[in-house]
Every structure is written in structure tokens, then in C-alpha cells.
file coords.cif (mmCIF, N, CA and C atoms)
data_query
#
loop_
_atom_site.group_PDB
_atom_site.id
_atom_site.type_symbol
_atom_site.label_atom_id
_atom_site.label_comp_id
_atom_site.auth_asym_id
_atom_site.auth_seq_id
_atom_site.Cartn_x
_atom_site.Cartn_y
_atom_site.Cartn_z
ATOM 1 N N MET A 29 -13.901 18.797 22.811
ATOM 2 C CA MET A 29 -12.863 19.224 21.884
ATOM 3 C C MET A 29 -13.068 18.512 20.557
ATOM 4 N N ALA A 30 -13.187 19.268 19.515
ATOM 5 C CA ALA A 30 -13.401 18.701 18.185
ATOM 6 C C ALA A 30 -12.060 18.396 17.538
ATOM 7 N N GLY A 31 -11.956 17.203 16.954
ATOM 8 C CA GLY A 31 -10.731 16.816 16.262
ATOM 9 C C GLY A 31 -10.840 17.095 14.779
ATOM 10 N N THR A 32 -9.721 17.071 14.127
ATOM 11 C CA THR A 32 -9.715 17.241 12.682
ATOM 12 C C THR A 32 -9.173 15.969 12.046
ATOM 13 N N ILE A 33 -9.693 15.667 10.896
ATOM 14 C CA ILE A 33 -9.225 14.510 10.139
ATOM 15 C C ILE A 33 -8.404 15.036 8.973
ATOM 16 N N SER A 34 -7.170 14.613 8.914
ATOM 17 C CA SER A 34 -6.318 15.066 7.817
ATOM 18 C C SER A 34 -6.102 13.915 6.843
ATOM 19 N N LYS A 35 -5.848 14.269 5.612
ATOM 20 C CA LYS A 35 -5.592 13.275 4.577
ATOM 21 C C LYS A 35 -4.223 12.644 4.814
ATOM 22 N N LEU A 36 -4.159 11.321 4.639
ATOM 23 C CA LEU A 36 -2.881 10.634 4.792
ATOM 24 C C LEU A 36 -1.927 11.050 3.693
ATOM 25 N N PRO A 37 -0.644 11.082 3.975
ATOM 26 C CA PRO A 37 0.321 11.431 2.932
ATOM 27 C C PRO A 37 0.357 10.363 1.848
ATOM 28 N N ASP A 38 0.673 10.772 0.629
ATOM 29 C CA ASP A 38 0.790 9.823 -0.481
ATOM 30 C C ASP A 38 2.096 9.060 -0.331
ATOM 31 N N VAL A 39 2.000 7.761 -0.093
ATOM 32 C CA VAL A 39 3.200 6.935 0.048
ATOM 33 C C VAL A 39 3.487 6.132 -1.216
ATOM 34 N N GLY A 40 2.745 6.427 -2.288
ATOM 35 C CA GLY A 40 2.944 5.709 -3.543
ATOM 36 C C GLY A 40 4.361 5.838 -4.078
ATOM 37 N N TRP A 41 4.966 6.988 -3.897
ATOM 38 C CA TRP A 41 6.336 7.196 -4.377
ATOM 39 C C TRP A 41 7.295 6.211 -3.721
ATOM 40 N N MET A 42 6.980 5.780 -2.512
ATOM 41 C CA MET A 42 7.844 4.855 -1.784
ATOM 42 C C MET A 42 7.538 3.403 -2.159
ATOM 43 N N LEU A 43 6.287 3.105 -2.469
ATOM 44 C CA LEU A 43 5.876 1.722 -2.708
ATOM 45 C C LEU A 43 6.082 1.263 -4.152
ATOM 46 N N ARG A 44 5.878 2.132 -5.111
ATOM 47 C CA ARG A 44 5.990 1.728 -6.520
ATOM 48 C C ARG A 44 7.354 1.131 -6.867
ATOM 49 N N PRO A 45 8.467 1.726 -6.454
ATOM 50 C CA PRO A 45 9.767 1.100 -6.763
ATOM 51 C C PRO A 45 9.928 -0.277 -6.110
ATOM 52 N N LEU A 46 9.351 -0.466 -4.929
ATOM 53 C CA LEU A 46 9.437 -1.772 -4.273
ATOM 54 C C LEU A 46 8.722 -2.849 -5.065
ATOM 55 N N THR A 47 7.598 -2.500 -5.692
ATOM 56 C CA THR A 47 6.841 -3.500 -6.451
ATOM 57 C C THR A 47 7.488 -3.810 -7.799
ATOM 58 N N ARG A 48 8.526 -3.080 -8.163
ATOM 59 C CA ARG A 48 9.258 -3.379 -9.405
ATOM 60 C C ARG A 48 10.411 -4.347 -9.177
ATOM 61 N N ILE A 49 10.693 -4.692 -7.926
ATOM 62 C CA ILE A 49 11.743 -5.657 -7.608
ATOM 63 C C ILE A 49 11.246 -7.045 -7.985
ATOM 64 N N PRO A 50 12.023 -7.822 -8.734
ATOM 65 C CA PRO A 50 11.580 -9.169 -9.119
ATOM 66 C C PRO A 50 11.197 -10.007 -7.898
ATOM 67 N N GLY A 51 10.042 -10.629 -7.980
ATOM 68 C CA GLY A 51 9.553 -11.477 -6.901
ATOM 69 C C GLY A 51 8.653 -10.765 -5.904
ATOM 70 N N VAL A 52 8.636 -9.430 -5.917
ATOM 71 C CA VAL A 52 7.758 -8.685 -5.007
ATOM 72 C C VAL A 52 6.413 -8.505 -5.689
ATOM 73 N N ARG A 53 5.351 -8.970 -5.045
ATOM 74 C CA ARG A 53 3.998 -8.866 -5.598
ATOM 75 C C ARG A 53 3.236 -7.685 -5.024
ATOM 76 N N HIS A 54 3.384 -7.441 -3.724
ATOM 77 C CA HIS A 54 2.633 -6.389 -3.043
ATOM 78 C C HIS A 54 3.519 -5.713 -2.002
ATOM 79 N N ALA A 55 3.213 -4.450 -1.722
ATOM 80 C CA ALA A 55 3.906 -3.711 -0.663
ATOM 81 C C ALA A 55 2.858 -2.967 0.152
ATOM 82 N N VAL A 56 3.021 -2.977 1.465
ATOM 83 C CA VAL A 56 2.096 -2.295 2.372
ATOM 84 C C VAL A 56 2.917 -1.496 3.382
ATOM 85 N N VAL A 57 2.495 -0.268 3.654
ATOM 86 C CA VAL A 57 3.113 0.553 4.685
ATOM 87 C C VAL A 57 2.115 0.681 5.821
ATOM 88 N N VAL A 58 2.585 0.413 7.032
ATOM 89 C CA VAL A 58 1.727 0.545 8.211
ATOM 90 C C VAL A 58 2.340 1.555 9.176
ATOM 91 N N SER A 59 1.479 2.166 9.968
ATOM 92 C CA SER A 59 1.943 3.114 10.970
ATOM 93 C C SER A 59 2.537 2.360 12.152
ATOM 94 N N GLU A 60 3.076 3.098 13.086
ATOM 95 C CA GLU A 60 3.698 2.502 14.265
ATOM 96 C C GLU A 60 2.710 1.634 15.052
ATOM 97 N N ASP A 61 1.436 2.009 15.013
ATOM 98 C CA ASP A 61 0.434 1.224 15.737
ATOM 99 C C ASP A 61 -0.251 0.176 14.860
ATOM 100 N N GLY A 62 0.275 -0.062 13.661
ATOM 101 C CA GLY A 62 -0.202 -1.155 12.821
ATOM 102 C C GLY A 62 -1.325 -0.813 11.868
ATOM 103 N N LEU A 63 -1.680 0.451 11.717
ATOM 104 C CA LEU A 63 -2.735 0.829 10.790
ATOM 105 C C LEU A 63 -2.165 1.036 9.396
ATOM 106 N N ARG A 64 -2.895 0.569 8.384
ATOM 107 C CA ARG A 64 -2.444 0.697 6.996
ATOM 108 C C ARG A 64 -2.417 2.164 6.577
ATOM 109 N N MET A 65 -1.284 2.584 6.027
ATOM 110 C CA MET A 65 -1.155 3.940 5.510
ATOM 111 C C MET A 65 -1.207 3.963 3.985
ATOM 112 N N GLY A 66 -0.838 2.861 3.371
ATOM 113 C CA GLY A 66 -0.867 2.775 1.924
ATOM 114 C C GLY A 66 -0.488 1.388 1.467
ATOM 115 N N HIS A 67 -0.865 1.063 0.226
ATOM 116 C CA HIS A 67 -0.505 -0.232 -0.345
ATOM 117 C C HIS A 67 -0.423 -0.117 -1.856
ATOM 118 N N GLU A 68 0.301 -1.038 -2.463
ATOM 119 C CA GLU A 68 0.504 -1.043 -3.914
ATOM 120 C C GLU A 68 0.765 -2.469 -4.359
ATOM 121 N N SER A 69 0.349 -2.792 -5.577
ATOM 122 C CA SER A 69 0.621 -4.100 -6.168
ATOM 123 C C SER A 69 1.472 -3.922 -7.416
ATOM 124 N N ALA A 70 2.261 -4.930 -7.731
ATOM 125 C CA ALA A 70 3.078 -4.892 -8.937
ATOM 126 C C ALA A 70 2.169 -4.897 -10.166
ATOM 127 N N GLU A 71 2.655 -4.361 -11.256
ATOM 128 C CA GLU A 71 1.896 -4.329 -12.505
ATOM 129 C C GLU A 71 1.881 -5.702 -13.166
ATOM 130 N N GLY A 72 0.787 -6.022 -13.839
ATOM 131 C CA GLY A 72 0.701 -7.231 -14.649
ATOM 132 C C GLY A 72 0.642 -8.532 -13.871
ATOM 133 N N LEU A 73 0.136 -8.514 -12.656
ATOM 134 C CA LEU A 73 0.053 -9.743 -11.870
ATOM 135 C C LEU A 73 -1.132 -10.586 -12.318
ATOM 136 N N SER A 74 -0.985 -11.883 -12.156
ATOM 137 C CA SER A 74 -2.094 -12.801 -12.379
ATOM 138 C C SER A 74 -2.093 -13.793 -11.227
ATOM 139 N N GLY A 75 -3.107 -14.624 -11.160
ATOM 140 C CA GLY A 75 -3.172 -15.616 -10.094
ATOM 141 C C GLY A 75 -4.261 -15.291 -9.094
ATOM 142 N N ASP A 76 -4.118 -15.839 -7.888
ATOM 143 C CA ASP A 76 -5.153 -15.688 -6.866
ATOM 144 C C ASP A 76 -5.389 -14.244 -6.451
ATOM 145 N N VAL A 77 -4.341 -13.463 -6.295
ATOM 146 C CA VAL A 77 -4.460 -12.066 -5.852
ATOM 147 C C VAL A 77 -3.703 -11.162 -6.818
ATOM 148 N N PRO A 78 -4.340 -10.812 -7.958
ATOM 149 C CA PRO A 78 -3.628 -9.973 -8.924
ATOM 150 C C PRO A 78 -3.423 -8.543 -8.436
ATOM 151 N N ARG A 79 -4.365 -8.004 -7.689
ATOM 152 C CA ARG A 79 -4.241 -6.669 -7.114
ATOM 153 C C ARG A 79 -4.604 -6.758 -5.639
ATOM 154 N N LEU A 80 -3.851 -6.116 -4.795
ATOM 155 C CA LEU A 80 -4.113 -6.092 -3.365
ATOM 156 C C LEU A 80 -5.162 -5.014 -3.093
ATOM 157 N N GLY A 81 -6.337 -5.447 -2.668
ATOM 158 C CA GLY A 81 -7.406 -4.502 -2.367
ATOM 159 C C GLY A 81 -7.281 -3.972 -0.955
ATOM 160 N N LEU A 82 -8.124 -3.028 -0.626
ATOM 161 C CA LEU A 82 -8.111 -2.401 0.687
ATOM 162 C C LEU A 82 -8.341 -3.437 1.792
ATOM 163 N N ASP A 83 -9.292 -4.330 1.591
ATOM 164 C CA ASP A 83 -9.573 -5.347 2.614
ATOM 165 C C ASP A 83 -8.372 -6.247 2.863
ATOM 166 N N GLU A 84 -7.705 -6.688 1.808
ATOM 167 C CA GLU A 84 -6.540 -7.546 1.964
ATOM 168 C C GLU A 84 -5.370 -6.803 2.611
ATOM 169 N N ALA A 85 -5.217 -5.530 2.255
ATOM 170 C CA ALA A 85 -4.118 -4.730 2.812
ATOM 171 C C ALA A 85 -4.327 -4.457 4.299
ATOM 172 N N GLU A 86 -5.579 -4.297 4.701
ATOM 173 C CA GLU A 86 -5.875 -4.067 6.121
ATOM 174 C C GLU A 86 -5.482 -5.299 6.902
#
call {"tool": "encode", "arguments": {"input": "coords.cif", "output": "C-alpha cells"}}
result
Amino acid sequence: MAGTISKLPDVGWMLRPLTRIPGVRHAVVVSEDGLRMGHESAEGLSGDVPRLGLDEAE
């Protein structure tokens, strides 16, 4: 039986407002089984992790 791979839904609409909350640097959404579905970093960050990359989000 051949499976199909579907594109994950865009969760950016949910994460962007969270990263605008003061003190929030990064937001990650995971599925029920713990797999990353999406991630976002706040704008204008500096320091050790200015942007959350795919490896860090995983």
C-alpha cells in the first residue's frame, strides 16, 4: 500500500502573535506524538539564539 505525504498546515498565524508577547523569544508547535509542526522566533532578537532554526526546534 502506497502512502501519500501531505504538506503540513501553516501554523504561522498561531505562532506569530505568541512571539510578540514581551519576554517570549521562540514558539514551537508539536503534534500529539511530539513531532515539530512549526516554529517561529520573535523579531529583532540578539544573543546566543537570535533565530530558532529547524535543528533547535526539533
call {"tool": "atom_distance", "arguments": {"input": "coords.cif", "atom1": "CA of Glu68 (chain A)", "atom2": "CA of Val56 (chain A)"}}
result
6.6 Å
call {"tool": "atom_distance", "arguments": {"input": "coords.cif", "atom1": "CA of Arg79 (chain A)", "atom2": "atom N of Gly40 (chain A)"}}
result
15.6 Å
call {"tool": "resolve_selection", "arguments": {"input": "coords.cif", "expression": "the PyMOL selection byres ((chain A and resi 43) around 8)", "output": "ChimeraX atom specification"}}
result
/A:38-42,44-48,54-57,66-69
call {"tool": "closest_residue", "arguments": {"input": "coords.cif", "among": "A:Val77, A:Pro37, A:Gly51, A:Ala85", "to": "Leu63 (chain A)", "atoms": "only C-alpha atoms"}}
result
A:Ala85
call {"tool": "atom_distance", "arguments": {"input": "coords.cif", "atom1": "CA of Asp83 (chain A)", "atom2": "CA of Met65 (chain A)"}}
result
12.9 Å
call {"tool": "select_by_dssp", "arguments": {"input": "coords.cif", "residues": "chain A", "states": "strand (DSSP E or B)", "output": "PDB file with N, CA and C atoms, keeping the file's coordinate frame"}}
result
ATOM      1  N   HIS A  54       3.384  -7.441  -3.724  1.00  0.00           N
ATOM      2  CA  HIS A  54       2.633  -6.389  -3.043  1.00  0.00           C
ATOM      3  C   HIS A  54       3.519  -5.713  -2.002  1.00  0.00           C
ATOM      4  N   ALA A  55       3.213  -4.450  -1.722  1.00  0.00           N
ATOM      5  CA  ALA A  55       3.906  -3.711  -0.663  1.00  0.00           C
ATOM      6  C   ALA A  55       2.858  -2.967   0.152  1.00  0.00           C
ATOM      7  N   VAL A  56       3.021  -2.977   1.465  1.00  0.00           N
ATOM      8  CA  VAL A  56       2.096  -2.295   2.372  1.00  0.00           C
ATOM      9  C   VAL A  56       2.917  -1.496   3.382  1.00  0.00           C
ATOM     10  N   VAL A  57       2.495  -0.268   3.654  1.00  0.00           N
ATOM     11  CA  VAL A  57       3.113   0.553   4.685  1.00  0.00           C
ATOM     12  C   VAL A  57       2.115   0.681   5.821  1.00  0.00           C
ATOM     13  N   VAL A  58       2.585   0.413   7.032  1.00  0.00           N
ATOM     14  CA  VAL A  58       1.727   0.545   8.211  1.00  0.00           C
ATOM     15  C   VAL A  58       2.340   1.555   9.176  1.00  0.00           C
ATOM     16  N   ARG A  64      -2.895   0.569   8.384  1.00  0.00           N
ATOM     17  CA  ARG A  64      -2.444   0.697   6.996  1.00  0.00           C
ATOM     18  C   ARG A  64      -2.417   2.164   6.577  1.00  0.00           C
ATOM     19  N   MET A  65      -1.284   2.584   6.027  1.00  0.00           N
ATOM     20  CA  MET A  65      -1.155   3.940   5.510  1.00  0.00           C
ATOM     21  C   MET A  65      -1.207   3.963   3.985  1.00  0.00           C
ATOM     22  N   GLY A  66      -0.838   2.861   3.371  1.00  0.00           N
ATOM     23  CA  GLY A  66      -0.867   2.775   1.924  1.00  0.00           C
ATOM     24  C   GLY A  66      -0.488   1.388   1.467  1.00  0.00           C
ATOM     25  N   HIS A  67      -0.865   1.063   0.226  1.00  0.00           N
ATOM     26  CA  HIS A  67      -0.505  -0.232  -0.345  1.00  0.00           C
ATOM     27  C   HIS A  67      -0.423  -0.117  -1.856  1.00  0.00           C
ATOM     28  N   GLU A  68       0.301  -1.038  -2.463  1.00  0.00           N
ATOM     29  CA  GLU A  68       0.504  -1.043  -3.914  1.00  0.00           C
ATOM     30  C   GLU A  68       0.765  -2.469  -4.359  1.00  0.00           C
ATOM     31  N   SER A  69       0.349  -2.792  -5.577  1.00  0.00           N
ATOM     32  CA  SER A  69       0.621  -4.100  -6.168  1.00  0.00           C
ATOM     33  C   SER A  69       1.472  -3.922  -7.416  1.00  0.00           C
TER      34      SER A  69
END
call {"tool": "select_by_dssp", "arguments": {"input": "coords.cif", "residues": "chain A", "states": "alpha helix (DSSP H)", "output": "list of chain:residue names"}}
result
A:Gly40, A:Trp41, A:Met42, A:Leu43, A:Arg44, A:Pro45, A:Leu46, A:Thr47, A:Leu82, A:Asp83, A:Glu84, A:Ala85
call {"tool": "write_last_selection", "arguments": {"input": "coords.cif", "atoms": "N, CA and C atoms", "output": "short mmCIF file (atom, residue, chain, number, x, y, z; two decimals), keeping the file's coordinate frame"}}
result
data_model
loop_
_atom_site.label_atom_id
_atom_site.label_comp_id
_atom_site.auth_asym_id
_atom_site.auth_seq_id
_atom_site.Cartn_x
_atom_site.Cartn_y
_atom_site.Cartn_z
N GLY A 40 2.74 6.43 -2.29
CA GLY A 40 2.94 5.71 -3.54
C GLY A 40 4.36 5.84 -4.08
N TRP A 41 4.97 6.99 -3.90
CA TRP A 41 6.34 7.20 -4.38
C TRP A 41 7.30 6.21 -3.72
N MET A 42 6.98 5.78 -2.51
CA MET A 42 7.84 4.86 -1.78
C MET A 42 7.54 3.40 -2.16
N LEU A 43 6.29 3.10 -2.47
CA LEU A 43 5.88 1.72 -2.71
C LEU A 43 6.08 1.26 -4.15
N ARG A 44 5.88 2.13 -5.11
CA ARG A 44 5.99 1.73 -6.52
C ARG A 44 7.35 1.13 -6.87
N PRO A 45 8.47 1.73 -6.45
CA PRO A 45 9.77 1.10 -6.76
C PRO A 45 9.93 -0.28 -6.11
N LEU A 46 9.35 -0.47 -4.93
CA LEU A 46 9.44 -1.77 -4.27
C LEU A 46 8.72 -2.85 -5.07
N THR A 47 7.60 -2.50 -5.69
CA THR A 47 6.84 -3.50 -6.45
C THR A 47 7.49 -3.81 -7.80
N LEU A 82 -8.12 -3.03 -0.63
CA LEU A 82 -8.11 -2.40 0.69
C LEU A 82 -8.34 -3.44 1.79
N ASP A 83 -9.29 -4.33 1.59
CA ASP A 83 -9.57 -5.35 2.61
C ASP A 83 -8.37 -6.25 2.86
N GLU A 84 -7.70 -6.69 1.81
CA GLU A 84 -6.54 -7.55 1.96
C GLU A 84 -5.37 -6.80 2.61
N ALA A 85 -5.22 -5.53 2.26
CA ALA A 85 -4.12 -4.73 2.81
C ALA A 85 -4.33 -4.46 4.30
#
call {"tool": "closest_residue", "arguments": {"input": "coords.cif", "among": "A:Gly75, A:Leu82, A:Ala70, A:Arg64", "to": "Ile49 (chain A)", "atoms": "all atoms listed in the file"}}
result
A:Ala70
